file data_1.txt (compact mmCIF, C-alpha atoms)
# COMPACT_ATOMS: atom_id res chain seq x y z
CA MET A 1 -6.43 -29.21 -1.56
CA ALA A 2 -3.26 -29.38 0.51
CA ALA A 3 -0.88 -26.48 0.15
CA THR A 4 2.27 -27.20 -1.82
CA THR A 5 5.43 -25.18 -2.30
CA PHE A 6 8.16 -25.35 -4.88
CA MET A 7 11.08 -23.24 -5.97
CA HIS A 8 10.36 -20.65 -8.62
CA ASP A 9 12.57 -18.71 -11.00
CA MET A 10 14.28 -15.85 -9.20
CA PRO A 11 13.61 -12.16 -9.92
CA ASP A 12 16.73 -10.20 -10.85
CA GLY A 13 18.81 -8.51 -8.18
CA LEU A 14 17.75 -10.60 -5.18
CA PRO A 15 20.44 -11.05 -2.52
CA ASN A 16 21.64 -14.58 -1.86
CA GLY A 17 19.57 -16.11 0.91
CA ILE A 18 16.18 -14.98 -0.42
CA ALA A 19 14.09 -17.71 -2.07
CA SER A 20 11.26 -17.26 -4.56
CA GLN A 21 8.41 -19.72 -4.05
CA ILE A 22 4.81 -20.51 -4.98
CA LEU A 23 2.15 -21.66 -2.52
CA ALA A 24 -1.47 -22.69 -3.04
CA VAL A 25 -3.51 -20.14 -1.07
CA ARG A 26 -7.30 -20.25 -1.46
CA ASP A 27 -8.03 -19.73 -5.18
CA LEU A 28 -4.53 -18.42 -5.86
CA GLU A 29 -1.10 -19.65 -6.76
CA MET A 30 0.61 -17.11 -4.53
CA HIS A 31 4.17 -16.10 -5.29
CA TYR A 32 6.28 -14.91 -2.39
CA LEU A 33 9.85 -14.14 -1.40
CA VAL A 34 11.11 -15.73 1.80
CA ALA A 35 14.18 -15.82 4.01
CA GLY A 36 14.96 -17.14 7.49
CA GLN A 37 14.59 -20.39 9.38
CA ARG A 38 11.32 -22.25 8.90
CA ASN A 39 10.53 -22.46 12.64
CA ALA A 40 11.45 -18.82 13.42
CA PRO A 41 8.77 -16.23 14.35
CA LEU A 42 7.00 -14.96 11.24
CA LEU A 43 7.04 -11.49 9.71
CA VAL A 44 4.71 -10.86 6.75
CA LEU A 45 5.37 -7.89 4.45
CA LEU A 46 2.51 -6.44 2.36
CA HIS A 47 3.37 -4.22 -0.61
CA GLY A 48 1.40 -1.34 -2.13
CA PHE A 49 0.83 0.11 -5.63
CA PRO A 50 2.49 -0.07 -8.09
CA GLU A 51 4.73 -2.47 -6.22
CA LEU A 52 5.54 -6.15 -5.79
CA SER A 53 7.00 -8.53 -3.25
CA TYR A 54 10.26 -7.40 -4.86
CA SER A 55 9.77 -3.96 -3.27
CA TRP A 56 10.92 -5.51 0.03
CA ARG A 57 14.12 -6.96 -1.45
CA CYS A 58 16.43 -4.67 0.57
CA VAL A 59 14.92 -5.48 3.98
CA ILE A 60 13.95 -9.16 3.77
CA LEU A 61 17.37 -10.60 4.56
CA PRO A 62 18.31 -8.05 7.27
CA LEU A 63 15.00 -8.74 9.03
CA ALA A 64 15.54 -12.49 8.71
CA ASN A 65 18.99 -12.05 10.25
CA LEU A 66 17.27 -10.69 13.36
CA GLY A 67 15.86 -14.17 13.93
CA TYR A 68 12.63 -14.12 11.92
CA ARG A 69 11.15 -15.99 8.98
CA VAL A 70 10.24 -13.20 6.58
CA VAL A 71 7.62 -13.66 3.86
CA ALA A 72 6.71 -11.03 1.24
CA PRO A 73 3.92 -12.11 -1.13
CA ASP A 74 2.81 -10.75 -4.47
CA LEU A 75 -0.72 -9.86 -3.40
CA ARG A 76 -3.89 -10.61 -5.37
CA GLY A 77 -3.75 -8.95 -8.78
CA TYR A 78 0.01 -8.41 -8.72
CA GLY A 79 3.19 -9.92 -10.07
CA ARG A 80 3.53 -13.68 -10.29
CA THR A 81 0.51 -14.44 -8.11
CA LYS A 82 -2.37 -15.68 -10.26
CA PRO A 83 -5.65 -17.61 -9.97
CA ARG A 84 -5.33 -21.38 -9.86
CA ASP A 85 -8.23 -21.63 -12.33
CA PRO A 86 -6.56 -21.16 -15.74
CA THR A 87 -9.77 -19.62 -17.14
CA ALA A 88 -10.04 -16.94 -14.42
CA PRO A 89 -9.09 -13.29 -15.07
CA GLY A 90 -5.42 -12.79 -14.31
CA ALA A 91 -4.48 -16.39 -15.16
CA GLY A 92 -4.58 -16.81 -18.94
CA ARG A 93 -5.14 -13.13 -19.63
CA GLN A 94 -4.79 -9.75 -17.94
CA VAL A 95 -7.43 -8.55 -15.49
CA ARG A 96 -9.89 -6.22 -17.24
CA TYR A 97 -11.93 -3.32 -15.89
CA ASP A 98 -15.22 -5.09 -16.47
CA ASP A 99 -14.20 -8.27 -14.60
CA ASP A 100 -15.81 -9.19 -11.29
CA LEU A 101 -14.64 -6.75 -8.61
CA ARG A 102 -15.63 -8.87 -5.61
CA PRO A 103 -12.27 -10.69 -5.27
CA PHE A 104 -10.61 -7.30 -4.68
CA ARG A 105 -12.81 -6.15 -1.81
CA MET A 106 -10.96 -5.55 1.41
CA LEU A 107 -12.28 -8.47 3.46
CA ASN A 108 -11.36 -10.89 0.69
CA LEU A 109 -7.83 -9.45 0.68
CA VAL A 110 -7.70 -9.90 4.46
CA HIS A 111 -8.81 -13.50 3.93
CA ASP A 112 -5.89 -13.97 1.52
CA VAL A 113 -3.38 -12.85 4.15
CA VAL A 114 -4.88 -15.03 6.88
CA ALA A 115 -4.93 -18.03 4.54
CA LEU A 116 -1.30 -17.41 3.59
CA VAL A 117 -0.27 -17.47 7.25
CA TYR A 118 -2.04 -20.78 7.80
CA ALA A 119 -0.70 -22.26 4.55
CA LEU A 120 2.80 -21.43 5.80
CA GLY A 121 2.11 -23.47 8.95
CA TYR A 122 1.77 -20.61 11.45
CA THR A 123 -0.94 -19.69 13.93
CA SER A 124 0.76 -16.47 15.05
CA VAL A 125 2.53 -13.63 13.25
CA ALA A 126 5.15 -11.64 15.17
CA SER A 127 4.45 -8.59 13.03
CA LEU A 128 2.41 -7.70 9.97
CA ILE A 129 4.13 -4.90 8.04
CA GLY A 130 2.29 -3.08 5.27
CA HIS A 131 3.36 -0.27 2.93
CA ASP A 132 1.11 2.11 0.97
CA PHE A 133 -2.12 0.19 0.23
CA GLY A 134 -0.56 -2.67 2.16
CA SER A 135 -0.74 -0.41 5.22
CA ASN A 136 -4.51 -0.23 4.88
CA LEU A 137 -4.70 -3.99 4.45
CA ALA A 138 -2.49 -4.51 7.51
CA GLY A 139 -4.76 -2.25 9.56
CA TYR A 140 -7.85 -4.27 8.68
CA CYS A 141 -6.00 -7.54 9.35
CA ALA A 142 -5.12 -6.29 12.84
CA ILE A 143 -8.74 -5.36 13.52
CA VAL A 144 -10.25 -8.55 12.14
CA ARG A 145 -7.73 -11.05 13.60
CA PRO A 146 -5.88 -9.44 16.55
CA GLU A 147 -5.09 -12.85 18.07
CA LEU A 148 -3.24 -13.84 14.87
CA PHE A 149 -1.29 -10.66 14.20
CA ARG A 150 0.58 -9.80 17.41
CA THR A 151 1.91 -6.43 16.21
CA VAL A 152 1.41 -4.25 13.16
CA VAL A 153 3.61 -1.75 11.32
CA MET A 154 1.86 0.60 8.90
CA MET A 155 4.02 2.50 6.43
CA SER A 156 3.50 5.62 4.31
CA ALA A 157 -0.32 5.61 4.38
CA PRO A 158 -2.05 6.18 7.74
CA PHE A 159 -4.92 3.74 8.28
CA THR A 160 -8.18 5.55 9.12
CA GLY A 161 -10.27 2.63 10.29
CA ALA A 162 -13.59 1.14 9.31
CA PRO A 163 -16.53 3.27 8.18
CA GLY A 164 -18.96 4.30 10.86
CA LEU A 165 -22.62 3.49 11.37
CA PRO A 166 -25.44 5.92 12.18
CA PHE A 167 -25.15 6.58 15.92
CA ALA A 168 -27.81 7.63 18.46
CA ILE A 169 -30.22 8.62 15.71
CA ASP A 170 -33.11 8.58 18.19
CA ALA A 171 -31.39 11.17 20.41
CA PRO A 172 -32.53 14.82 20.52
CA GLN A 173 -30.84 16.94 17.89
CA THR A 174 -29.29 19.09 20.61
CA GLN A 175 -27.37 16.11 22.02
CA THR A 176 -23.67 16.36 21.28
CA GLN A 177 -21.73 13.35 20.10
CA THR A 178 -18.02 12.73 19.94
CA GLN A 179 -17.12 12.03 16.32
CA THR A 180 -13.91 12.32 14.39
CA THR A 181 -13.55 15.06 11.80
CA VAL A 182 -11.55 12.75 9.53
CA PRO A 183 -13.92 11.40 6.86
CA PRO A 184 -13.50 7.90 5.45
CA VAL A 185 -11.48 7.88 2.26
CA TRP A 186 -14.46 7.06 0.00
CA VAL A 187 -16.40 10.02 1.47
CA LEU A 188 -13.40 12.29 1.04
CA VAL A 189 -12.85 11.25 -2.57
CA ALA A 190 -16.51 11.57 -3.52
CA HIS A 191 -16.91 14.96 -1.82
CA VAL A 192 -13.62 16.54 -2.78
CA ASP A 193 -13.31 15.25 -6.34
CA ALA A 194 -16.41 17.06 -7.57
CA ALA A 195 -15.30 20.28 -5.90
CA LEU A 196 -11.76 19.96 -7.26
CA GLY A 197 -13.26 20.16 -10.74
CA GLN A 198 -14.50 23.68 -9.96
CA LEU A 199 -11.05 25.03 -9.15
CA ASP A 200 -9.06 27.13 -11.61
CA PRO A 201 -7.37 25.21 -13.12
CA PRO A 202 -9.65 22.21 -12.51
CA ARG A 203 -8.20 19.16 -10.72
CA LYS A 204 -9.24 15.60 -9.84
CA HIS A 205 -8.39 13.16 -7.06
CA TYR A 206 -5.99 10.40 -8.07
CA MET A 207 -8.10 7.68 -6.41
CA ARG A 208 -11.03 8.60 -8.63
CA TYR A 209 -8.72 8.35 -11.62
CA PHE A 210 -7.26 5.00 -10.46
CA ALA A 211 -10.80 3.70 -10.03
CA GLY A 212 -11.82 4.74 -13.52
CA PRO A 213 -11.83 2.74 -16.76
CA ASP A 214 -8.91 4.53 -18.45
CA ALA A 215 -6.11 4.37 -15.89
CA ASN A 216 -4.73 0.95 -16.83
CA ALA A 217 -4.45 1.69 -20.55
CA ASP A 218 -3.07 5.16 -19.86
CA MET A 219 -0.22 3.89 -17.72
CA LEU A 220 0.47 0.62 -19.50
CA GLY A 221 0.52 2.38 -22.86
CA ALA A 222 2.32 5.51 -21.65
CA PRO A 223 3.70 7.41 -24.69
CA GLN A 224 7.11 7.63 -23.04
CA GLY A 225 7.19 3.84 -22.61
CA LEU A 226 6.60 1.74 -19.52
CA HIS A 227 10.20 1.92 -18.30
CA ALA A 228 10.27 5.73 -18.48
CA PHE A 229 6.81 5.98 -16.91
CA LEU A 230 7.74 3.86 -13.89
CA ARG A 231 11.12 5.57 -13.53
CA SER A 232 9.36 8.94 -13.36
CA TYR A 233 6.54 7.73 -11.10
CA PHE A 234 8.96 6.31 -8.56
CA HIS A 235 11.06 9.49 -8.79
CA ILE A 236 8.33 12.07 -8.25
CA LYS A 237 7.14 10.39 -5.03
CA SER A 238 10.65 9.92 -3.63
CA ALA A 239 12.98 12.15 -1.63
CA ASP A 240 14.92 12.70 -4.87
CA GLU A 241 12.18 15.07 -6.08
CA ASP A 242 13.21 18.44 -4.64
CA THR A 243 9.69 19.92 -4.76
CA ASN A 244 8.33 17.39 -2.24
CA ASP A 245 7.85 19.40 0.96
CA PRO A 246 5.08 17.58 2.88
CA HIS A 247 3.14 19.24 5.67
CA PRO A 248 -0.24 18.72 7.39
CA ILE A 249 -3.38 19.93 5.61
CA PRO A 250 -5.94 21.70 7.80
CA LEU A 251 -9.20 20.13 8.91
CA PRO A 252 -11.93 20.04 7.86
CA PRO A 253 -10.70 19.10 4.39
CA SER A 254 -11.52 21.57 1.63
CA PRO A 255 -10.84 21.52 -2.13
CA GLU A 256 -8.45 24.45 -1.73
CA GLY A 257 -6.59 22.67 1.06
CA ILE A 258 -6.40 19.37 -0.78
CA ALA A 259 -5.22 21.14 -3.94
CA VAL A 260 -1.83 21.89 -2.35
CA LEU A 261 -1.00 18.21 -2.83
CA PRO A 262 1.33 17.45 -5.76
CA HIS A 263 -0.13 16.41 -9.08
CA TYR A 264 0.42 12.70 -8.45
CA TYR A 265 -2.28 12.99 -5.75
CA VAL A 266 -4.44 15.83 -7.07
CA MET A 267 -4.11 15.64 -10.83
CA PRO A 268 -4.89 18.18 -13.56
CA ARG A 269 -8.47 17.43 -14.60
CA ASP A 270 -7.63 16.51 -18.19
CA ALA A 271 -4.38 14.64 -17.49
CA GLY A 272 -3.63 10.97 -16.99
CA MET A 273 -0.93 9.63 -14.70
CA ALA A 274 1.33 9.10 -17.70
CA ASP A 275 1.14 12.87 -18.30
CA VAL A 276 1.85 13.62 -14.64
CA ALA A 277 4.85 11.30 -14.61
CA ARG A 278 6.21 12.71 -17.87
CA SER A 279 5.99 16.28 -16.57
CA GLY A 280 8.06 15.27 -13.52
CA ALA A 281 10.56 13.05 -15.30
CA PRO A 282 14.01 13.13 -13.72
CA SER A 283 17.02 14.27 -15.70
CA ALA A 284 19.60 11.72 -16.79
CA GLN A 285 21.91 13.19 -14.13
CA ASP A 286 19.26 12.73 -11.42
CA VAL A 287 18.79 9.10 -12.43
CA GLU A 288 22.52 8.49 -12.40
CA THR A 289 23.33 10.29 -9.15
CA LYS A 290 20.12 9.83 -7.14
CA SER A 291 17.46 7.28 -8.02
CA SER A 292 19.87 4.67 -9.35
CA ARG A 293 21.27 4.52 -5.83
CA TRP A 294 18.13 2.78 -4.60
CA LEU A 295 16.42 1.77 -7.87
CA PRO A 296 19.00 0.84 -10.50
CA ASP A 297 17.80 -0.03 -13.99
CA GLU A 298 18.12 -3.77 -13.40
CA SER A 299 15.75 -3.47 -10.42
CA LEU A 300 13.34 -1.20 -12.28
CA ALA A 301 13.31 -3.81 -15.06
CA VAL A 302 11.60 -6.27 -12.70
CA TYR A 303 8.63 -3.88 -12.33
CA VAL A 304 8.59 -3.18 -16.06
CA ARG A 305 8.57 -6.88 -16.90
CA ASP A 306 5.89 -7.87 -14.40
CA PHE A 307 3.51 -4.97 -14.99
CA GLY A 308 4.11 -5.24 -18.72
CA ARG A 309 2.88 -8.82 -18.47
CA THR A 310 -0.01 -8.37 -16.00
CA GLY A 311 -1.05 -4.77 -16.57
CA PHE A 312 -2.06 -2.53 -13.68
CA GLN A 313 -5.77 -3.38 -13.47
CA GLY A 314 -5.43 -5.99 -10.72
CA GLY A 315 -3.83 -3.40 -8.44
CA LEU A 316 -6.17 -0.64 -9.57
CA ASN A 317 -9.12 -2.82 -8.59
CA TRP A 318 -8.04 -2.41 -4.96
CA TYR A 319 -8.82 1.32 -5.29
CA ARG A 320 -12.14 0.58 -6.96
CA GLY A 321 -12.97 -1.82 -4.15
CA MET A 322 -12.18 0.78 -1.51
CA ILE A 323 -14.39 3.58 -2.79
CA GLU A 324 -17.47 1.58 -3.78
CA GLU A 325 -20.50 1.74 -1.47
CA ALA A 326 -20.75 -2.04 -1.20
CA THR A 327 -17.31 -2.16 0.42
CA ALA A 328 -18.24 0.57 2.89
CA GLU A 329 -21.35 -1.36 3.88
CA GLU A 330 -19.35 -4.57 4.33
CA LEU A 331 -16.61 -2.93 6.38
CA SER A 332 -19.06 -1.06 8.62
CA LEU A 333 -19.36 -4.38 10.47
CA PHE A 334 -16.19 -3.18 12.21
CA ALA A 335 -17.42 0.35 12.97
CA GLY A 336 -15.72 1.68 16.08
CA ALA A 337 -13.19 -1.17 16.22
CA ARG A 338 -9.67 -0.26 17.29
CA ILE A 339 -6.25 -1.80 16.77
CA ASP A 340 -5.47 -3.24 20.19
CA VAL A 341 -2.09 -4.82 19.40
CA PRO A 342 1.14 -2.76 19.60
CA ALA A 343 1.42 -0.62 16.47
CA MET A 344 3.94 1.52 14.66
CA PHE A 345 3.74 4.07 11.83
CA LEU A 346 6.80 4.51 9.65
CA SER A 347 7.30 6.67 6.58
CA GLY A 348 9.72 8.94 4.78
CA LYS A 349 10.00 12.52 5.94
CA LYS A 350 9.47 13.69 2.35
CA ASP A 351 6.41 11.52 1.76
CA TRP A 352 3.22 13.43 0.99
CA GLY A 353 1.35 10.18 1.58
CA VAL A 354 1.51 10.90 5.31
CA TYR A 355 -0.71 13.96 4.86
CA GLN A 356 -2.76 13.26 1.74
CA GLN A 357 -5.78 12.52 3.93
CA PRO A 358 -6.02 15.43 6.38
CA GLY A 359 -5.92 14.40 10.04
CA ALA A 360 -5.35 10.72 9.27
CA LEU A 361 -2.06 10.28 11.12
CA ARG A 362 -3.36 11.86 14.31
CA LYS A 363 -6.51 9.76 14.12
CA LEU A 364 -4.42 6.61 13.68
CA GLN A 365 -2.28 7.30 16.72
CA LYS A 366 -4.77 8.92 19.09
CA GLU A 367 -8.05 7.21 18.22
CA LEU A 368 -7.52 3.95 16.34
CA CYS A 369 -4.45 2.46 18.02
CA ALA A 370 -4.56 1.51 21.68
CA GLN A 371 -0.79 1.03 21.74
CA MET A 372 1.06 3.43 19.43
CA LYS A 373 3.64 5.41 21.35
CA ASP A 374 5.07 8.73 20.20
CA GLU A 375 8.45 7.09 19.63
CA ASP A 376 6.79 4.67 17.23
CA VAL A 377 5.59 7.38 14.86
CA VAL A 378 8.71 7.68 12.72
CA LEU A 379 9.49 9.85 9.69
CA VAL A 380 12.80 8.80 8.18
CA GLU A 381 15.22 11.44 6.91
CA GLY A 382 16.25 11.12 3.29
CA ALA A 383 13.22 9.10 2.23
CA GLY A 384 10.01 9.79 0.40
CA HIS A 385 7.17 7.39 -0.30
CA TRP A 386 9.30 4.32 -1.07
CA VAL A 387 10.95 4.34 2.34
CA GLN A 388 11.89 0.63 2.51
CA GLN A 389 13.71 1.00 -0.80
CA GLU A 390 15.16 4.49 -0.30
CA GLN A 391 16.43 3.98 3.27
CA PRO A 392 16.28 0.23 4.01
CA GLU A 393 18.83 0.30 6.85
CA GLU A 394 16.82 2.90 8.75
CA VAL A 395 13.61 0.94 8.22
CA VAL A 396 15.20 -2.24 9.56
CA ASN A 397 16.66 -0.37 12.55
CA HIS A 398 13.30 1.10 13.53
CA ILE A 399 11.43 -2.19 13.09
CA ARG A 400 14.12 -3.94 15.16
CA ARG A 401 13.77 -1.36 17.94
CA PHE A 402 9.98 -1.67 17.89
CA LEU A 403 9.95 -5.47 18.01
CA LYS A 404 12.78 -5.75 20.55
CA LYS A 405 10.95 -3.80 23.25
CA LEU A 406 7.93 -6.07 22.87
call {"tool": "encode", "arguments": {"input": "data_1.txt", "output": "structure tokens"}}
result
Amino acid sequence: MAATTFMHDMPDGLPNGIASQILAVRDLEMHYLVAGQRNAPLLVLLHGFPELSYSWRCVILPLANLGYRVVAPDLRGYGRTKPRDPTAPGAGRQVRYDDDLRPFRMLNLVHDVVALVYALGYTSVASLIGHDFGSNLAGYCAIVRPELFRTVVMMSAPFTGAPGLPFAIDAPQTQTQTQTTVPPVWVLVAHVDAALGQLDPPRKHYMRYFAGPDANADMLGAPQGLHAFLRSYFHIKSADEDTNDPHPIPLPPSPEGIAVLPHYYVMPRDAGMADVARSGAPSAQDVETKSSRWLPDESLAVYVRDFGRTGFQGGLNWYRGMIEEATAEELSLFAGARIDVPAMFLSGKKDWGVYQQPGALRKLQKELCAQMKDEDVVLVEGAGHWVQQEQPEEVVNHIRRFLKKL
């Protein structure tokens, strides 16, 4: 079927010059925000969790004003993107935990991004920019289709590459081999989560929780209400939370080392994320003087409305897809592959996401990326995890500098 586009109702708080559209992409009706001239070089922005295309609202127009066509989609399982088949999960009803997980495996998500680019009429992307889980997706896109994605910017979550394969297993045991000490995320979660339960007090890894059957109901039905839950969740991972003081965690990773992470990454064993968010809820004064600066209530209402309608399970399935063995087997096809295109890492200076996986940032720069210069590893002052919302001008300035020199 030929791709078609049409204007869609606009989310609240979008600057003039940003359009909201729908495009037929594979099995999806994909919603995206767009600005810039149709024939300009393309930038594609990939959001994370619990986010939306709307999370890029502050940078879309400034990037377009640099001479680019900027497209930010609601990715599979999120927002206004839904299956074209009205009987499919996520179309006529919310995605459920027991639905088929295969659409949310990483290579299928990569396929979505590639298909979007082609549906837009492009055969080259000037830069693919991903935040949070979108950073991981951007990393795999750059490995799988380096001729399509000319540069890549990964934000807030260092990409650690594809899982390895058994190497030189016929060699004598005394033979030394050069291997990274940074385990793949699914190995880290499986190993550390069990050990975290033995600590006093016992803890658990947030990815294991996100991949479990109770996370969606816990967050969607938060006792404090969805608005208060999301307000608190965005606050505790931002620079507005005074206790955020990120620093590297020693290698090799240990339960005791990982346990220094805040509760939104290493949770109390018997708590849900609604409990974690409630315990870190900002005061009314903090909301008024801090977080409302970058996330006013009318903007937060967009997240509340969309996640209230869709639930969180579509996004949570990305985490399930990442830590299942079938995904590791599938992605091991790219064992040893590097990102050969010019690359940048960008995050907030008060973002624990930079260090939640010990050694990941160094591995990204020194092992995985053939072209990531020291000047292109940037930690922005005054920003936490939501850097493109907290400090959008700085994000645009750094992306402009990175793209200009190329």
call {"tool": "residues_around", "arguments": {"input": "data_1.txt", "residues": "Asp275 in chain A", "least_positions_apart": "4", "cutoff": "10 Å", "atoms": "all atoms listed in the file", "output": "list in words"}}
result
Asp218, Met219, Ala222, Pro223, Gln224, Phe229, His263, Tyr264, Met267, Pro268, Asp270, Ala271, Ser279, Gly280 and Ala281 of chain A
call {"tool": "residues_around", "arguments": {"input": "data_1.txt", "residues": "Val153 in chain A", "least_positions_apart": "3", "cutoff": "6 Å", "atoms": "all atoms listed in the file", "output": "PyMOL selection string"}}
result
chain A and resi 129+343-345
call {"tool": "atom_distance", "arguments": {"input": "data_1.txt", "atom1": "CA of Lys82 in chain A", "atom2": "CA of Met30 in chain A"}}
result
6.6 Å
call {"tool": "atom_distance", "arguments": {"input": "data_1.txt", "atom1": "CA of Ala35 in chain A", "atom2": "CA of Ser53 in chain A"}}
result
12.5 Å
call {"tool": "residues_around", "arguments": {"input": "data_1.txt", "residues": "Ala126 in chain A", "least_positions_apart": "3", "cutoff": "12 Å", "atoms": "all atoms listed in the file", "output": "number ranges by chain"}}
result
A: 40-45, 63, 67-71, 117, 122-123, 129, 142, 146-153, 341-343, 399-400, 402-404, 406
call {"tool": "closest_residue", "arguments": {"input": "data_1.txt", "among": "A:Leu101, A:Leu346, A:Ala64, A:Ala259", "to": "Asp374 in chain A", "atoms": "only C-alpha atoms"}}
result
A:Leu346
call {"tool": "residues_around", "arguments": {"input": "data_1.txt", "residues": "Gly353 in chain A", "least_positions_apart": "3", "cutoff": "6 Å", "atoms": "all atoms listed in the file", "output": "ChimeraX atom specification"}}
result
/A:156-157,356
call {"tool": "residues_near_point", "arguments": {"input": "data_1.txt", "point": "(-9.7, 15.6, -5.3)", "cutoff": "12 Å", "atoms": "all atoms listed in the file", "output": "PyMOL selection string"}}
result
chain A and resi 185-199+202-209+253-269+356-357
call {"tool": "closest_atom_pairs", "arguments": {"input": "data_1.txt", "of": "range 356-386 of chain A", "to": "range 133-136 of chain A", "cutoff": "12 Å", "atoms": "all atoms listed in the file", "output": "Markdown table"}}
result
| residue | atom | partner | partner_atom | distance |
| --- | --- | --- | --- | --- |
| A:Ala360 | CA | A:Asn136 | CA | 11.8 |
| A:Leu364 | CA | A:Asn136 | CA | 11.1 |
| A:His385 | CA | A:Phe133 | CA | 11.8 |
call {"tool": "closest_residue", "arguments": {"input": "data_1.txt", "among": "A:Pro213, A:Pro183, A:Pro83, A:Gly382", "to": "Lys290 in chain A", "atoms": "only C-alpha atoms"}}
result
A:Gly382
call {"tool": "atom_distance", "arguments": {"input": "data_1.txt", "atom1": "CA of Ala115 in chain A", "atom2": "CA of Asp99 in chain A"}}
result
23.4 Å
call {"tool": "residues_around", "arguments": {"input": "data_1.txt", "residues": "Gly308 in chain A", "least_positions_apart": "3", "cutoff": "8 Å", "atoms": "all atoms listed in the file", "output": "PyMOL selection string"}}
result
chain A and resi 220+226+303-305+311
call {"tool": "closest_residue", "arguments": {"input": "data_1.txt", "among": "A:Ala211, A:Ile18, A:Leu23, A:Ile169", "to": "Gln313 in chain A", "atoms": "only C-alpha atoms"}}
result
A:Ala211
call {"tool": "residues_near_point", "arguments": {"input": "data_1.txt", "point": "(18.1, -7.8, 5.0)", "cutoff": "7 Å", "atoms": "all atoms listed in the file", "output": "PyMOL selection string"}}
result
chain A and resi 58-65
call {"tool": "write_last_selection", "arguments": {"input": "data_1.txt", "atoms": "C-alpha atoms", "output": "tab-separated table (two decimals), keeping the file's coordinate frame"}}
result
chain	number	residue	atom	x	y	z
A	58	CYS	CA	16.43	-4.67	0.57
A	59	VAL	CA	14.92	-5.48	3.98
A	60	ILE	CA	13.95	-9.16	3.77
A	61	LEU	CA	17.37	-10.60	4.56
A	62	PRO	CA	18.31	-8.05	7.27
A	63	LEU	CA	15.00	-8.74	9.03
A	64	ALA	CA	15.54	-12.49	8.71
A	65	ASN	CA	18.99	-12.05	10.25
call {"tool": "closest_residue", "arguments": {"input": "data_1.txt", "among": "A:Pro392, A:Gly221, A:Gly90, A:Gly121", "to": "Arg293 in chain A", "atoms": "only C-alpha atoms"}}
result
A:Pro392
call {"tool": "closest_residue", "arguments": {"input": "data_1.txt", "among": "A:Val144, A:Ala326, A:Ala19, A:Val113", "to": "His47 in chain A", "atoms": "all atoms listed in the file"}}
result
A:Val113
call {"tool": "closest_residue", "arguments": {"input": "data_1.txt", "among": "A:His247, A:Lys350, A:His31, A:Arg38", "to": "Trp386 in chain A", "atoms": "all atoms listed in the file"}}
result
A:Lys350
